[in-house]
$ cat data_10.txt   # compact mmCIF, C-alpha atoms
# COMPACT_ATOMS: atom_id res chain seq x y z
CA MET N 636 24.00 -18.60 -61.20
CA GLN N 637 21.71 -21.54 -60.76
CA HIS N 638 23.53 -22.51 -57.66
CA SER N 639 23.03 -19.16 -55.98
CA LYS N 640 19.36 -19.16 -56.93
CA SER N 641 18.79 -22.44 -55.15
CA ILE N 642 20.52 -21.05 -52.07
CA ILE N 643 18.16 -18.10 -52.08
CA MET N 644 15.20 -20.42 -52.46
CA LYS N 645 16.42 -22.55 -49.60
CA PHE N 646 16.84 -19.43 -47.54
CA ASN N 647 13.33 -18.32 -48.40
CA ARG N 648 11.96 -21.69 -47.51
CA SER N 649 13.61 -21.67 -44.11
CA ILE N 650 12.21 -18.20 -43.40
CA LEU N 651 8.79 -19.39 -44.46
CA SER N 652 8.92 -22.46 -42.24
CA ALA N 653 10.18 -20.38 -39.30
CA PHE N 654 7.29 -18.00 -39.85
CA LEU N 655 4.78 -20.85 -40.01
CA PHE N 656 6.20 -22.44 -36.88
CA GLY N 657 6.08 -19.09 -35.09
CA SER N 658 2.48 -18.43 -36.00
CA VAL N 659 1.42 -21.92 -34.92
CA VAL N 660 3.04 -21.36 -31.50
CA PHE N 661 1.43 -17.93 -31.33
CA LEU N 662 -2.05 -19.24 -32.12
CA ALA N 663 -1.67 -22.15 -29.73
CA SER N 664 -0.70 -19.82 -26.91
CA CYS N 665 -3.73 -17.69 -27.73
CA GLN N 666 -6.10 -20.55 -27.15
CA ASP N 667 -4.44 -21.60 -23.92
CA GLN N 668 -5.76 -18.76 -21.80
CA LYS N 669 -4.17 -17.90 -18.49
CA LYS N 670 -6.15 -19.03 -15.48
CA LEU N 671 -5.69 -18.19 -11.84
CA PRO N 672 -5.08 -21.08 -9.43
CA ILE N 673 -7.70 -22.12 -6.89
CA LEU N 674 -6.12 -21.85 -3.47
CA GLY N 675 -6.79 -23.51 -0.14
CA PRO N 676 -7.45 -27.09 0.89
CA ARG N 677 -9.58 -29.29 -1.37
CA GLU N 678 -11.09 -32.73 -1.23
CA ALA N 679 -12.54 -35.30 -3.55
CA ALA N 680 -16.25 -35.90 -3.18
CA THR N 681 -18.67 -38.30 -4.78
CA VAL N 682 -21.41 -36.42 -6.55
CA LYS N 683 -24.65 -37.60 -8.11
CA ASN N 684 -25.11 -36.70 -11.74
CA ALA N 685 -28.42 -35.75 -13.27
CA ASP N 686 -28.85 -39.20 -14.85
CA GLY N 687 -28.49 -40.95 -11.51
CA SER N 688 -24.90 -42.13 -11.99
CA THR N 689 -22.17 -41.02 -9.59
CA SER N 690 -18.76 -39.56 -10.24
CA VAL N 691 -15.91 -38.04 -8.28
CA ASP N 692 -15.49 -34.30 -8.25
CA THR N 693 -13.07 -31.91 -6.56
CA VAL N 694 -14.60 -29.74 -3.86
CA TYR N 695 -12.68 -26.53 -3.33
CA LYS N 696 -12.56 -24.41 -0.24
CA THR N 697 -15.20 -21.69 -0.31
CA ILE N 698 -16.06 -18.79 1.96
CA PRO N 699 -19.01 -19.96 4.10
CA ALA N 700 -22.13 -17.96 4.86
CA PHE N 701 -21.50 -14.92 7.03
CA SER N 702 -23.40 -11.99 8.38
CA PHE N 703 -21.84 -8.75 9.64
CA LEU N 704 -22.84 -5.15 10.19
CA ASN N 705 -21.44 -2.72 7.64
CA GLN N 706 -20.48 0.96 8.01
CA ASP N 707 -24.16 1.95 7.72
CA SER N 708 -25.15 -0.54 10.46
CA ILE N 709 -26.90 -2.63 7.81
CA LEU N 710 -26.55 -6.39 7.84
CA ILE N 711 -24.42 -7.70 5.00
CA ASN N 712 -23.99 -11.36 4.07
CA ASN N 713 -22.96 -13.63 1.20
CA ASP N 714 -25.73 -12.31 -0.99
CA THR N 715 -24.21 -8.84 -0.87
CA PHE N 716 -21.35 -10.33 -2.88
CA LYS N 717 -23.45 -12.59 -5.08
CA ASP N 718 -22.06 -12.77 -8.64
CA LYS N 719 -19.24 -10.41 -7.73
CA ILE N 720 -15.55 -10.95 -7.41
CA TYR N 721 -14.20 -9.20 -4.35
CA ILE N 722 -11.03 -8.35 -2.52
CA ALA N 723 -11.12 -9.01 1.22
CA ASP N 724 -8.76 -7.91 3.97
CA PHE N 725 -8.49 -7.52 7.74
CA PHE N 726 -7.54 -4.24 9.38
CA PHE N 727 -8.48 -1.80 12.13
CA THR N 728 -9.02 1.94 11.90
CA SER N 729 -6.45 2.97 14.52
CA CYS N 730 -3.75 0.84 12.90
CA THR N 731 -0.88 3.01 11.74
CA THR N 732 1.56 0.35 10.60
CA ILE N 733 0.54 -1.75 7.61
CA CYS N 734 -3.14 -0.80 7.22
CA PRO N 735 -2.66 2.63 5.63
CA THR N 736 -0.37 1.07 3.03
CA MET N 737 -2.81 -1.80 2.39
CA HIS N 738 -5.72 0.56 1.96
CA ARG N 739 -3.70 2.93 -0.19
CA SER N 740 -3.07 -0.03 -2.53
CA MET N 741 -6.71 -1.15 -2.39
CA LYS N 742 -7.93 2.36 -3.08
CA THR N 743 -5.82 2.53 -6.24
CA ILE N 744 -7.57 -0.63 -7.46
CA PHE N 745 -10.92 0.67 -6.21
CA ASP N 746 -10.53 3.83 -8.29
CA LYS N 747 -9.63 1.75 -11.32
CA TYR N 748 -12.79 -0.40 -11.05
CA LYS N 749 -15.09 2.35 -9.84
CA ASP N 750 -17.48 1.81 -12.73
CA ASN N 751 -17.29 -1.98 -12.89
CA PRO N 752 -20.18 -3.44 -10.85
CA ASP N 753 -18.59 -6.91 -10.86
CA VAL N 754 -15.76 -5.91 -8.51
CA MET N 755 -16.32 -5.25 -4.80
CA PHE N 756 -14.21 -4.74 -1.68
CA LEU N 757 -14.67 -6.08 1.85
CA SER N 758 -12.61 -4.91 4.80
CA HIS N 759 -13.17 -6.61 8.15
CA THR N 760 -12.17 -4.79 11.31
CA ILE N 761 -10.42 -6.88 13.95
CA ASP N 762 -10.83 -4.17 16.60
CA PHE N 763 -14.17 -5.36 17.95
CA LYS N 764 -13.87 -3.01 20.97
CA TYR N 765 -13.56 0.32 19.21
CA ASP N 766 -14.36 0.00 15.50
CA HIS N 767 -18.15 0.14 15.71
CA PRO N 768 -20.04 0.87 12.47
CA SER N 769 -20.04 4.62 13.12
CA VAL N 770 -16.24 4.57 13.40
CA LEU N 771 -16.00 2.53 10.20
CA LYS N 772 -18.29 5.02 8.47
CA LYS N 773 -16.02 7.93 9.39
CA TYR N 774 -13.00 5.95 8.25
CA ALA N 775 -14.60 5.11 4.90
CA GLN N 776 -15.53 8.73 4.35
CA LYS N 777 -12.03 9.88 5.14
CA LEU N 778 -10.53 7.29 2.82
CA GLY N 779 -12.94 8.58 0.20
CA VAL N 780 -14.58 5.24 -0.53
CA ASP N 781 -17.89 5.43 1.34
CA GLY N 782 -20.45 3.57 -0.72
CA PRO N 783 -21.86 0.11 -1.38
CA LYS N 784 -18.87 -0.95 -3.51
CA TRP N 785 -16.47 -1.09 -0.54
CA GLN N 786 -18.06 -2.73 2.50
CA PHE N 787 -16.55 -2.38 5.95
CA ALA N 788 -17.58 -5.27 8.18
CA TYR N 789 -18.01 -5.23 11.94
CA GLY N 790 -18.71 -8.42 13.86
CA SER N 791 -18.08 -10.19 17.14
CA LYS N 792 -14.51 -11.17 17.91
CA ASP N 793 -15.34 -14.86 17.46
CA SER N 794 -17.01 -14.51 14.09
CA ILE N 795 -14.39 -12.21 12.54
CA TYR N 796 -11.36 -14.05 13.90
CA LYS N 797 -12.79 -17.40 12.87
CA ILE N 798 -13.57 -16.40 9.31
CA ALA N 799 -10.12 -14.77 9.05
CA GLU N 800 -8.16 -17.82 10.10
CA LYS N 801 -10.37 -20.69 8.95
CA ASP N 802 -11.70 -19.29 5.69
CA TYR N 803 -9.65 -16.41 4.33
CA LEU N 804 -6.52 -18.00 5.82
CA VAL N 805 -5.25 -14.71 7.29
CA ALA N 806 -3.65 -14.71 10.74
CA VAL N 807 -5.17 -12.19 13.17
CA ILE N 808 -4.35 -11.98 16.88
CA GLU N 809 -5.39 -9.74 19.73
CA ASP N 810 -2.07 -9.10 21.46
CA SER N 811 -1.86 -6.89 24.52
CA THR N 812 1.93 -6.70 24.21
CA ALA N 813 1.74 -5.11 20.76
CA LYS N 814 1.75 -1.32 20.77
CA GLU N 815 -1.63 -1.02 19.10
CA GLY N 816 -3.15 -4.14 20.64
CA TYR N 817 -3.48 -6.29 17.51
CA VAL N 818 -1.22 -8.22 15.20
CA HIS N 819 -2.38 -9.27 11.76
CA GLN N 820 -1.23 -10.12 8.26
CA GLY N 821 -1.65 -7.74 5.38
CA TRP N 822 -3.01 -10.12 2.75
CA LEU N 823 -5.43 -8.91 0.14
CA ILE N 824 -7.51 -11.99 -0.73
CA LEU N 825 -9.08 -12.30 -4.16
CA ILE N 826 -12.40 -14.20 -4.10
CA ASP N 827 -14.21 -15.36 -7.24
CA LYS N 828 -17.93 -15.57 -7.97
CA GLN N 829 -18.06 -19.13 -6.63
CA LYS N 830 -16.58 -17.83 -3.31
CA ARG N 831 -13.28 -19.61 -3.90
CA ILE N 832 -9.89 -18.10 -3.04
CA ARG N 833 -8.07 -17.26 -6.26
CA GLY N 834 -5.17 -15.22 -4.97
CA ALA N 835 -3.48 -13.78 -1.90
CA TYR N 836 -1.31 -10.69 -2.25
CA ASP N 837 0.72 -8.81 0.34
CA GLY N 838 -0.95 -5.41 0.38
CA THR N 839 2.25 -3.74 1.58
CA ASN N 840 4.35 -5.06 -1.29
CA PRO N 841 4.03 -2.96 -4.48
CA GLU N 842 5.06 -5.86 -6.74
CA GLN N 843 2.36 -8.16 -5.36
CA VAL N 844 -0.23 -5.40 -5.57
CA ALA N 845 0.76 -4.93 -9.22
CA GLN N 846 0.22 -8.66 -9.72
CA LEU N 847 -3.24 -8.38 -8.15
CA THR N 848 -4.03 -5.52 -10.52
CA LYS N 849 -3.05 -7.80 -13.42
CA ASP N 850 -4.97 -10.81 -12.08
CA ILE N 851 -8.35 -9.10 -11.68
CA PRO N 852 -8.99 -8.83 -15.46
CA VAL N 853 -7.95 -12.48 -15.84
CA LEU N 854 -10.51 -13.55 -13.26
CA LEU N 855 -13.18 -11.31 -14.76
CA ALA N 856 -12.51 -12.76 -18.23
CA GLU N 857 -12.85 -16.29 -16.85
CA ASP N 858 -16.41 -15.64 -15.71
CA LYS N 859 -17.44 -14.17 -19.03
CA LYS N 860 -17.03 -17.49 -20.85
CA MET E 1194 56.45 39.92 -8.11
CA ARG E 1195 57.23 37.57 -5.28
CA LYS E 1196 54.83 39.41 -3.05
CA LEU E 1197 52.12 39.08 -5.64
CA ILE E 1198 52.61 35.31 -5.91
CA ILE E 1199 52.59 34.85 -2.16
CA SER E 1200 49.49 36.95 -1.67
CA THR E 1201 47.72 35.16 -4.50
CA LEU E 1202 48.55 31.80 -3.00
CA PHE E 1203 47.36 33.08 0.39
CA LEU E 1204 44.08 34.25 -1.05
CA ILE E 1205 43.56 30.97 -2.86
CA THR E 1206 44.21 29.05 0.37
CA ILE E 1207 41.71 31.17 2.29
CA ALA E 1208 39.14 30.83 -0.47
CA THR E 1209 39.59 27.05 -0.53
CA MET E 1210 39.17 26.90 3.25
CA ILE E 1211 35.96 28.89 3.14
CA TYR E 1212 34.69 26.86 0.24
CA SER E 1213 35.44 23.53 1.92
CA CYS E 1214 33.82 24.80 5.11
CA GLN E 1215 30.62 25.47 3.23
CA SER E 1216 30.67 22.13 1.54
CA SER E 1217 31.18 20.32 4.85
CA GLU E 1218 28.03 22.07 6.07
CA GLN E 1219 26.33 20.94 2.90
CA LEU E 1220 27.76 17.46 3.38
CA LYS E 1221 26.30 17.31 6.89
CA GLN E 1222 22.92 18.32 5.58
CA ASP E 1223 23.13 15.71 2.84
CA ILE E 1224 23.88 13.02 5.42
CA TYR E 1225 20.92 14.19 7.50
CA TYR E 1226 18.76 14.16 4.40
CA ALA E 1227 19.76 10.62 3.41
CA ASN E 1228 19.29 9.23 6.92
CA GLY E 1229 16.06 11.17 7.22
CA ARG E 1230 14.77 9.51 4.08
CA ASP E 1231 15.46 6.05 5.52
CA LEU E 1232 13.67 6.97 8.75
CA TYR E 1233 10.81 8.47 6.76
CA ILE E 1234 10.34 5.24 4.77
CA LYS E 1235 10.37 3.24 7.99
CA HIS E 1236 8.11 5.36 10.18
CA CYS E 1237 6.16 7.88 8.12
CA GLN E 1238 5.65 6.67 4.58
CA ASN E 1239 2.80 4.23 5.28
CA CYS E 1240 0.47 7.11 6.17
CA HIS E 1241 2.04 10.15 4.50
CA GLY E 1242 2.92 8.38 1.25
CA SER E 1243 6.08 7.92 -0.78
CA LYS E 1244 5.71 11.38 -2.30
CA GLY E 1245 4.43 13.05 0.87
CA GLU E 1246 0.98 13.13 -0.68
CA GLY E 1247 -0.85 11.97 2.48
CA LEU E 1248 -3.80 9.57 2.44
CA ASN E 1249 -6.99 11.28 1.43
CA ALA E 1250 -8.60 12.81 4.53
CA LEU E 1251 -6.93 10.30 6.86
CA ALA E 1252 -3.38 11.66 6.80
CA PRO E 1253 -2.36 15.18 5.71
CA PRO E 1254 0.19 15.73 2.93
CA LEU E 1255 3.65 17.07 3.72
CA THR E 1256 3.81 19.26 0.66
CA ASP E 1257 2.40 22.46 2.16
CA THR E 1258 5.46 24.74 2.17
CA VAL E 1259 3.74 27.51 4.11
CA PHE E 1260 2.53 25.09 6.79
CA LEU E 1261 6.02 23.59 7.15
CA ARG E 1262 7.60 27.01 7.42
CA GLU E 1263 5.14 28.36 9.95
CA ASN E 1264 5.03 25.20 12.06
CA LYS E 1265 8.63 24.08 11.80
CA GLN E 1266 9.11 24.38 15.56
CA LYS E 1267 6.10 22.13 16.16
CA ILE E 1268 7.12 19.26 13.88
CA ALA E 1269 9.39 17.78 16.56
CA CYS E 1270 6.47 17.75 19.02
CA PHE E 1271 4.16 16.10 16.44
CA ILE E 1272 6.68 13.32 15.87
CA LYS E 1273 7.77 12.78 19.47
CA ASN E 1274 4.37 13.06 21.18
CA GLY E 1275 1.93 12.35 18.39
CA ALA E 1276 -0.76 14.76 17.31
CA SER E 1277 -4.53 14.95 17.42
CA GLY E 1278 -7.20 17.50 16.90
CA PRO E 1279 -7.95 19.60 13.89
CA ILE E 1280 -5.19 21.08 11.77
CA THR E 1281 -5.46 22.77 8.40
CA VAL E 1282 -3.03 21.76 5.68
CA ASN E 1283 -3.28 23.00 2.10
CA GLY E 1284 -6.61 24.57 3.04
CA LYS E 1285 -8.08 21.20 4.05
CA LYS E 1286 -9.05 20.23 7.59
CA TYR E 1287 -7.64 17.05 9.16
CA GLY E 1288 -8.97 15.68 12.44
CA GLY E 1289 -7.35 12.28 12.79
CA LYS E 1290 -4.83 11.07 15.28
CA MET E 1291 -1.14 10.70 14.59
CA PRO E 1292 0.68 8.17 16.77
CA ASP E 1293 3.71 9.14 18.85
CA PHE E 1294 7.23 8.08 17.98
CA ALA E 1295 8.55 8.50 21.49
CA THR E 1296 11.50 6.18 20.98
CA LEU E 1297 13.10 8.38 18.30
CA ALA E 1298 16.17 10.33 19.46
CA ASN E 1299 16.57 14.04 18.79
CA ILE E 1300 19.04 13.38 16.01
CA ASP E 1301 16.56 11.04 14.30
CA ILE E 1302 13.86 13.68 14.49
CA ALA E 1303 16.28 16.32 13.16
CA GLN E 1304 17.07 14.07 10.21
CA ILE E 1305 13.39 13.51 9.46
CA VAL E 1306 12.76 17.27 9.66
CA VAL E 1307 15.65 17.93 7.27
CA TYR E 1308 14.24 15.34 4.90
CA ILE E 1309 10.64 16.53 4.82
CA THR E 1310 11.56 20.24 4.65
CA ASN E 1311 13.98 19.68 1.78
CA THR E 1312 11.99 17.37 -0.44
CA TYR E 1313 8.61 17.40 -2.24
CA GLY E 1314 9.51 20.82 -3.66
CA ASN E 1315 10.73 22.30 -0.37
CA LYS E 1316 14.22 23.67 0.27
CA GLN E 1317 14.38 24.93 3.83
CA GLY E 1318 17.93 23.92 4.77
CA MET E 1319 19.54 22.37 7.81
CA TYR E 1320 17.93 21.59 11.18
CA THR E 1321 20.03 20.42 14.15
CA PRO E 1322 19.37 18.08 17.11
CA GLU E 1323 19.97 21.10 19.36
CA GLN E 1324 17.08 22.92 17.70
CA ILE E 1325 14.95 19.79 18.16
CA ALA E 1326 15.82 19.70 21.88
CA GLU E 1327 14.82 23.35 22.15
CA ASP E 1328 11.54 22.71 20.28
CA LEU E 1329 10.67 19.75 22.49
CA LYS E 1330 10.89 21.95 25.60
CA ASN E 1331 8.12 24.10 24.21
CA CYS E 1332 5.67 21.34 23.32
CA LYS E 1333 2.12 21.93 24.41

$ encode --input "data_10.txt" --output "structure tokens"
Amino acid sequence: MQHSKSIIMKFNRSILSAFLFGSVVFLASCQDQKKLPILGPREAATVKNADGSTSVDTVYKTIPAFSFLNQDSILINNDTFKDKIYIADFFFTSCTTICPTMHRSMKTIFDKYKDNPDVMFLSHTIDFKYDHPSVLKKYAQKLGVDGPKWQFAYGSKDSIYKIAEKDYLVAVIEDSTAKEGYVHQGWLILIDKQKRIRGAYDGTNPEQVAQLTKDIPVLLAEDKK
Amino acid sequence: MRKLIISTLFLITIATMIYSCQSSEQLKQDIYYANGRDLYIKHCQNCHGSKGEGLNALAPPLTDTVFLRENKQKIACFIKNGASGPITVNGKKYGGKMPDFATLANIDIAQIVVYITNTYGNKQGMYTPEQIAEDLKNCK
């Protein structure tokens, strides 16, 4: 009788210790919050601290100052996206291959964050010949997203193509041999409030779009701290 | 008695032949449907959506049974030559441009037509490449 009692006690003790171990792991994982990576090239820079001493800090790639016309022919620039996270992409209105799929995905996210002022959208047109602001306006209306939350940017070929390739790291090419005249990648780029790239998702791939949908709350939570 | 057995067997044979005839028709339509779905995913789905729901006011849905029935002879022209100008689908006006798919063969177009007229709640049966060829002659 005694013997069996001690077995039960041992059993209880092992359950208890397993439970304790489990809860410690659980709590530890709670504290270690998920963070999105910072993408793009980076460099080490020497910075001056407030007390005059110097230290080395990492400088991440950021989106530089820009200025484009939007669908209302109003100038938009970095300040339009100040203290916002935003999703940027490159498209053109007469594109019938990947763009409708990309914008279908973006619109799903747009509808989800309709009432959250911290999330914005920025679509750059790469068709500098045809997609003037009035064309972009019609497109936005037809997509059902015409408003300040989703900006459609029109700029010179140089400025748009440069910011695409150098800063958002999206390949865009004017190609006369392509049926529609342009070739481009379908990345949706997630930019944080410090203008750093925090994610790139293929807007034509439902799994990656689902990942983007999951990552937005993570990025928003990061800024709340 | 013998006569009865023979005639019964005869009737059964005839019935089986008719039945298998019908199912080979059905089989053909099923093949068209399956191929049509692949072509749809490749060429049409980006604008018209995976459930034929369209894309807001940019691309019309393919779920309007009445439109499909009344314009069935025009679908081949829309696909082969593209479409532009206002059309009304589900009581909503659409004025965008649809690109042409000039490289598609008649059989491809027939398969797409079979797919879109037999899915999303539609059941309009078979459509043949010969009918497509006929429709394409009458394009405006």

$ residues_around --input "data_10.txt" --residues "Ala856 (chain N)" --least-positions-apart "2" --cutoff "12 Å" --atoms "all atoms listed in the file" --output "list in words"
Gln668, Lys669, Lys670, Leu671, Ile720, Asp753, Asp827, Lys828, Lys849, Asp850, Ile851, Pro852, Val853, Leu854, Asp858, Lys859 and Lys860 of chain N

$ closest_residue --input "data_10.txt" --among "N:Arg648, N:His767, N:Lys696, N:Lys742" --to "chain E" --atoms "all atoms listed in the file"
N:Lys742

$ interface_residues --input "data_10.txt" --of "chain N" --to "chain E" --cutoff "8 Å" --atoms "only C-alpha atoms" --output "list in words"
Thr731, Thr732, Ile733, Pro735, Thr736, Arg739, Tyr774, Lys777, Leu778 and Gly779 of chain N

$ closest_residue --input "data_10.txt" --among "E:Ile1309, E:Ala1298, E:Leu1197, E:Ile1211" --to "Ala1227 (chain E)" --atoms "all atoms listed in the file"
E:Ile1309

$ closest_atom_pairs --input "data_10.txt" --of "region 675-786 of chain N" --to "region 806-821 of chain N" --cutoff "8 Å" --atoms "only C-alpha atoms" --output "Markdown table"
| residue | atom | partner | partner_atom | distance |
| --- | --- | --- | --- | --- |
| N:Asp724 | CA | N:Gly821 | CA | 7.3 |
| N:Phe725 | CA | N:Gly821 | CA | 7.2 |
| N:Phe726 | CA | N:His819 | CA | 7.6 |
| N:Ser729 | CA | N:Glu815 | CA | 7.8 |
| N:Cys730 | CA | N:Glu815 | CA | 6.8 |
| N:Ile733 | CA | N:Gly821 | CA | 6.8 |
| N:Cys734 | CA | N:Gly821 | CA | 7.3 |
| N:Met737 | CA | N:Gly821 | CA | 6.8 |
| N:Ile761 | CA | N:Val807 | CA | 7.5 |
| N:Asp762 | CA | N:Tyr817 | CA | 7.7 |

$ atom_distance --input "data_10.txt" --atom1 "CA of Ser1243 (chain E)" --atom2 "CA of Val770 (chain N)"
26.7 Å

$ residues_around --input "data_10.txt" --residues "Cys1270 (chain E)" --least-positions-apart "3" --cutoff "12 Å" --atoms "only C-alpha atoms" --output "MDAnalysis selection string"
chainID E and resid 1264:1267 1273:1277 1291:1295 1297 1299 1302:1303 1306 1324:1333

$ write_last_selection --input "data_10.txt" --atoms "C-alpha atoms" --output "PDB file, in the coordinates of the input"
ATOM      1  CA  ASN E1264       5.030  25.200  12.060  1.00  0.00           C
ATOM      2  CA  LYS E1265       8.630  24.080  11.800  1.00  0.00           C
ATOM      3  CA  GLN E1266       9.110  24.380  15.560  1.00  0.00           C
ATOM      4  CA  LYS E1267       6.100  22.130  16.160  1.00  0.00           C
ATOM      5  CA  LYS E1273       7.770  12.780  19.470  1.00  0.00           C
ATOM      6  CA  ASN E1274       4.370  13.060  21.180  1.00  0.00           C
ATOM      7  CA  GLY E1275       1.930  12.350  18.390  1.00  0.00           C
ATOM      8  CA  ALA E1276      -0.760  14.760  17.310  1.00  0.00           C
ATOM      9  CA  SER E1277      -4.530  14.950  17.420  1.00  0.00           C
ATOM     10  CA  MET E1291      -1.140  10.700  14.590  1.00  0.00           C
ATOM     11  CA  PRO E1292       0.680   8.170  16.770  1.00  0.00           C
ATOM     12  CA  ASP E1293       3.710   9.140  18.850  1.00  0.00           C
ATOM     13  CA  PHE E1294       7.230   8.080  17.980  1.00  0.00           C
ATOM     14  CA  ALA E1295       8.550   8.500  21.490  1.00  0.00           C
ATOM     15  CA  LEU E1297      13.100   8.380  18.300  1.00  0.00           C
ATOM     16  CA  ASN E1299      16.570  14.040  18.790  1.00  0.00           C
ATOM     17  CA  ILE E1302      13.860  13.680  14.490  1.00  0.00           C
ATOM     18  CA  ALA E1303      16.280  16.320  13.160  1.00  0.00           C
ATOM     19  CA  VAL E1306      12.760  17.270   9.660  1.00  0.00           C
ATOM     20  CA  GLN E1324      17.080  22.920  17.700  1.00  0.00           C
ATOM     21  CA  ILE E1325      14.950  19.790  18.160  1.00  0.00           C
ATOM     22  CA  ALA E1326      15.820  19.700  21.880  1.00  0.00           C
ATOM     23  CA  GLU E1327      14.820  23.350  22.150  1.00  0.00           C
ATOM     24  CA  ASP E1328      11.540  22.710  20.280  1.00  0.00           C
ATOM     25  CA  LEU E1329      10.670  19.750  22.490  1.00  0.00           C
ATOM     26  CA  LYS E1330      10.890  21.950  25.600  1.00  0.00           C
ATOM     27  CA  ASN E1331       8.120  24.100  24.210  1.00  0.00           C
ATOM     28  CA  CYS E1332       5.670  21.340  23.320  1.00  0.00           C
ATOM     29  CA  LYS E1333       2.120  21.930  24.410  1.00  0.00           C
TER      30      LYS E1333
END

$ atom_distance --input "data_10.txt" --atom1 "CA of Ser1216 (chain E)" --atom2 "CA of Gly1314 (chain E)"
21.8 Å

$ residues_around --input "data_10.txt" --residues "Asp1257 (chain E)" --least-positions-apart "2" --cutoff "10 Å" --atoms "only C-alpha atoms" --output "short mmCIF file (atom, residue, chain, number, x, y, z; two decimals) with C-alpha atoms, in the coordinates of the input"
data_model
loop_
_atom_site.label_atom_id
_atom_site.label_comp_id
_atom_site.auth_asym_id
_atom_site.auth_seq_id
_atom_site.Cartn_x
_atom_site.Cartn_y
_atom_site.Cartn_z
CA GLY E 1245 4.43 13.05 0.87
CA GLU E 1246 0.98 13.13 -0.68
CA PRO E 1253 -2.36 15.18 5.71
CA PRO E 1254 0.19 15.73 2.93
CA LEU E 1255 3.65 17.07 3.72
CA VAL E 1259 3.74 27.51 4.11
CA PHE E 1260 2.53 25.09 6.79
CA LEU E 1261 6.02 23.59 7.15
CA ARG E 1262 7.60 27.01 7.42
CA VAL E 1282 -3.03 21.76 5.68
CA ASN E 1283 -3.28 23.00 2.10
CA GLY E 1284 -6.61 24.57 3.04
CA THR E 1310 11.56 20.24 4.65
CA TYR E 1313 8.61 17.40 -2.24
CA GLY E 1314 9.51 20.82 -3.66
CA ASN E 1315 10.73 22.30 -0.37
#

$ atom_distance --input "data_10.txt" --atom1 "CA of Gly1318 (chain E)" --atom2 "CA of Arg1230 (chain E)"
14.8 Å

$ residues_around --input "data_10.txt" --residues "Ser769 (chain N)" --least-positions-apart "6" --cutoff "8 Å" --atoms "all atoms listed in the file" --output "CSV table (one decimal) with C-alpha atoms, keeping the file's coordinate frame"
chain,number,residue,atom,x,y,z
N,706,GLN,CA,-20.5,1.0,8.0
N,707,ASP,CA,-24.2,2.0,7.7
N,708,SER,CA,-25.2,-0.5,10.5

$ residues_near_point --input "data_10.txt" --point "(-8.6, -15.0, 5.0)" --cutoff "9 Å" --atoms "all atoms listed in the file" --output "compact mmCIF listing (two decimals) with C-alpha atoms, in the frame of the given file"
# COMPACT_ATOMS: atom_id res chain seq x y z
CA ILE N 698 -16.06 -18.79 1.96
CA ALA N 723 -11.12 -9.01 1.22
CA ASP N 724 -8.76 -7.91 3.97
CA PHE N 725 -8.49 -7.52 7.74
CA ILE N 798 -13.57 -16.40 9.31
CA ALA N 799 -10.12 -14.77 9.05
CA GLU N 800 -8.16 -17.82 10.10
CA LYS N 801 -10.37 -20.69 8.95
CA ASP N 802 -11.70 -19.29 5.69
CA TYR N 803 -9.65 -16.41 4.33
CA LEU N 804 -6.52 -18.00 5.82
CA VAL N 805 -5.25 -14.71 7.29
CA ALA N 806 -3.65 -14.71 10.74
CA TRP N 822 -3.01 -10.12 2.75
CA LEU N 823 -5.43 -8.91 0.14
CA ILE N 824 -7.51 -11.99 -0.73
CA ILE N 832 -9.89 -18.10 -3.04
CA ALA N 835 -3.48 -13.78 -1.90

$ residues_around --input "data_10.txt" --residues "Phe745 (chain N)" --least-positions-apart "5" --cutoff "12 Å" --atoms "only C-alpha atoms" --output "PyMOL selection string"
chain N and resi 721-722+738-740+750-757+778-786+848+851

$ decode --input "data_10.txt" --residues "region 668-686 of chain N" --atoms "C-alpha atoms" --output "CSV table (one decimal), in the first residue's frame"
chain,number,residue,atom,x,y,z
N,668,GLN,CA,7.6,39.2,-29.0
N,669,LYS,CA,7.8,38.5,-32.8
N,670,LYS,CA,9.5,41.3,-34.7
N,671,LEU,CA,9.7,41.8,-38.5
N,672,PRO,CA,13.1,41.9,-40.1
N,673,ILE,CA,14.6,45.1,-41.5
N,674,LEU,CA,15.3,44.5,-45.1
N,675,GLY,CA,17.7,46.1,-47.6
N,676,PRO,CA,21.4,47.0,-47.4
N,677,ARG,CA,22.7,48.5,-44.2
N,678,GLU,CA,25.9,50.1,-43.0
N,679,ALA,CA,27.7,50.9,-39.7
N,680,ALA,CA,28.0,54.6,-39.0
N,681,THR,CA,29.6,56.6,-36.2
N,682,VAL,CA,27.1,58.7,-34.4
N,683,LYS,CA,27.6,61.4,-31.8
N,684,ASN,CA,25.7,60.9,-28.6
N,685,ALA,CA,24.1,63.6,-26.6
N,686,ASP,CA,27.0,63.7,-24.1
